[in-house]
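To start, the structure under review is shown below, and the notes come after it.
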Amino acid sequence: MARLPVLSQQRAELEKVWARWATAAGRPPGREIALRHEVAESWERSLRTVDPARAVAPATDRDELGSRWAESPLRTPVTELAGELRAITEDAGMIAVVTDEAGTVLFCCGDRGVRRRAEQVNLAPGGCWDEPYMGTSGVALSLHTGQPCSVWAAEHLVEALHGWVCYCAPIRAADGRQLGVLDLSTYWDRSHPMILTTVRALVTAIEARLHAEQAQPASRTRLECLGVPRLYKEGKQVPMRPRQLEILTLLALEPEGFTPERLHEAVYGERSVSSSTLKADVSRLRRATDGQVAGRRYMLTEPMACDALELLAALEAGDMTTAVRLYRGPLLPDSDVPGIVQWREHLDVCLRTAVLADRNPEHALRFGQRCPDDIEIHEHAMRLLPHGDSRRALATARLHTAMRA
């Protein structure tokens, strides 16, 4: 608390400097002693395109945002570290934000109260925070300079951000390309120089995972088992029998594999089916996947991309945008195999519970599209959508149809 009077005085001096620049009609005054050189240069650039009175960052189209995050090389390493990011930020009263190379926010987690305040200026997934859009900020400076930096209080060009401090560092691919920025943000009076050290350490952890992933060969095979099932090898769809898809899905969802007895039970249940039938089914699957199924203990011999696994990872990371986008329907909806039925119920309950606990109406709307008979989901969307939002008409129609079914 002893630092607060000093910080308050520094903030007041910066506010005076900001006021002179903001009223200079694009003609900045002479250099200010209280203003850092890199901040002054950023203000000069930003004033050409940004109104300091802007209240909120512009937003990216929702569908485009989903595609950006799905295709981003940062998604896997950030998802793997999401638990650590959440623990650090919730304990410290901060939020963690990850952007792409264009300054668009792809991921956000942290203290719930701070997140709500951040959402008011669209420091949230979809917000555009590059310099030409939102002026001087930690994200913008890191993208421009390629260096770790902080922007505090009235160093932000946009007045709506004067209550914030952000600590940022760029995230780079193994070849040095800048892929985005990690930002830890909180209120101006909670600033501390050690936060930038934390950001650097977290970026190092993200980059280590990223570089290890990039060094490994990509999976040649992708299984899509949510909604319409499909198997792709080298980008081309492979025709598969329903039984082969069922066994392959079980092996993908349980990478540690099955004993023959347990797989027999998962596939055939209590039906009287000989062990030779299972061996024949697995043998046909092995041929269809070029030998990717081990023998004594039935398991996959190399990684396989799978939309159901990606959905579970997104839910574990709290990444609802990705989870809802991946859900194209129930797991192998036409299958009555006991193991598939059990996994189908598990996935549906996990995602539905998460959607009902989430405060983003877009997630309820997208999930409701796949679950037209779910009255509670449509009611949840109605509660979240503000009056005057045109999407209320869609939610109302779905609710009406579900109640008449």
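Naming scheme: A, B, ... for chains in displayed order of the structure tokens; residues 1 onward per chain; ligands 1 onward as shown.
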Expected answer as a PyMOL selection string: alpha helix (DSSP H) residues in region 154-325 of chain A: chain A and resi 194-215+242-253+260-268+275-288+307-317+320-325
Ala140 (chain A) environment, 8 Å, only C-alpha atoms, sequence neighbours closer than 3 positions dropped, as a PyMOL selection string: chain A and resi 103+129-131+135-137+143-144
Atom-to-atom span, CA of His211 (chain A) and CA of Arg62 (chain A), Å: 28.7 Å
For Arg11 (chain A), the nearest of the candidates A:Ala397, A:Ala154, A:Leu161, A:Leu263, counting only C-alpha atoms: A:Ala154
Selected residue, from A:Leu179, A:Ala205, A:Ala57, A:Leu196, that lies nearest to Val151 (chain A) when counting only C-alpha atoms: A:Leu196
Separation of CA of Ala55 (chain A) from CA of Glu159 (chain A) in Å: 7.8 Å
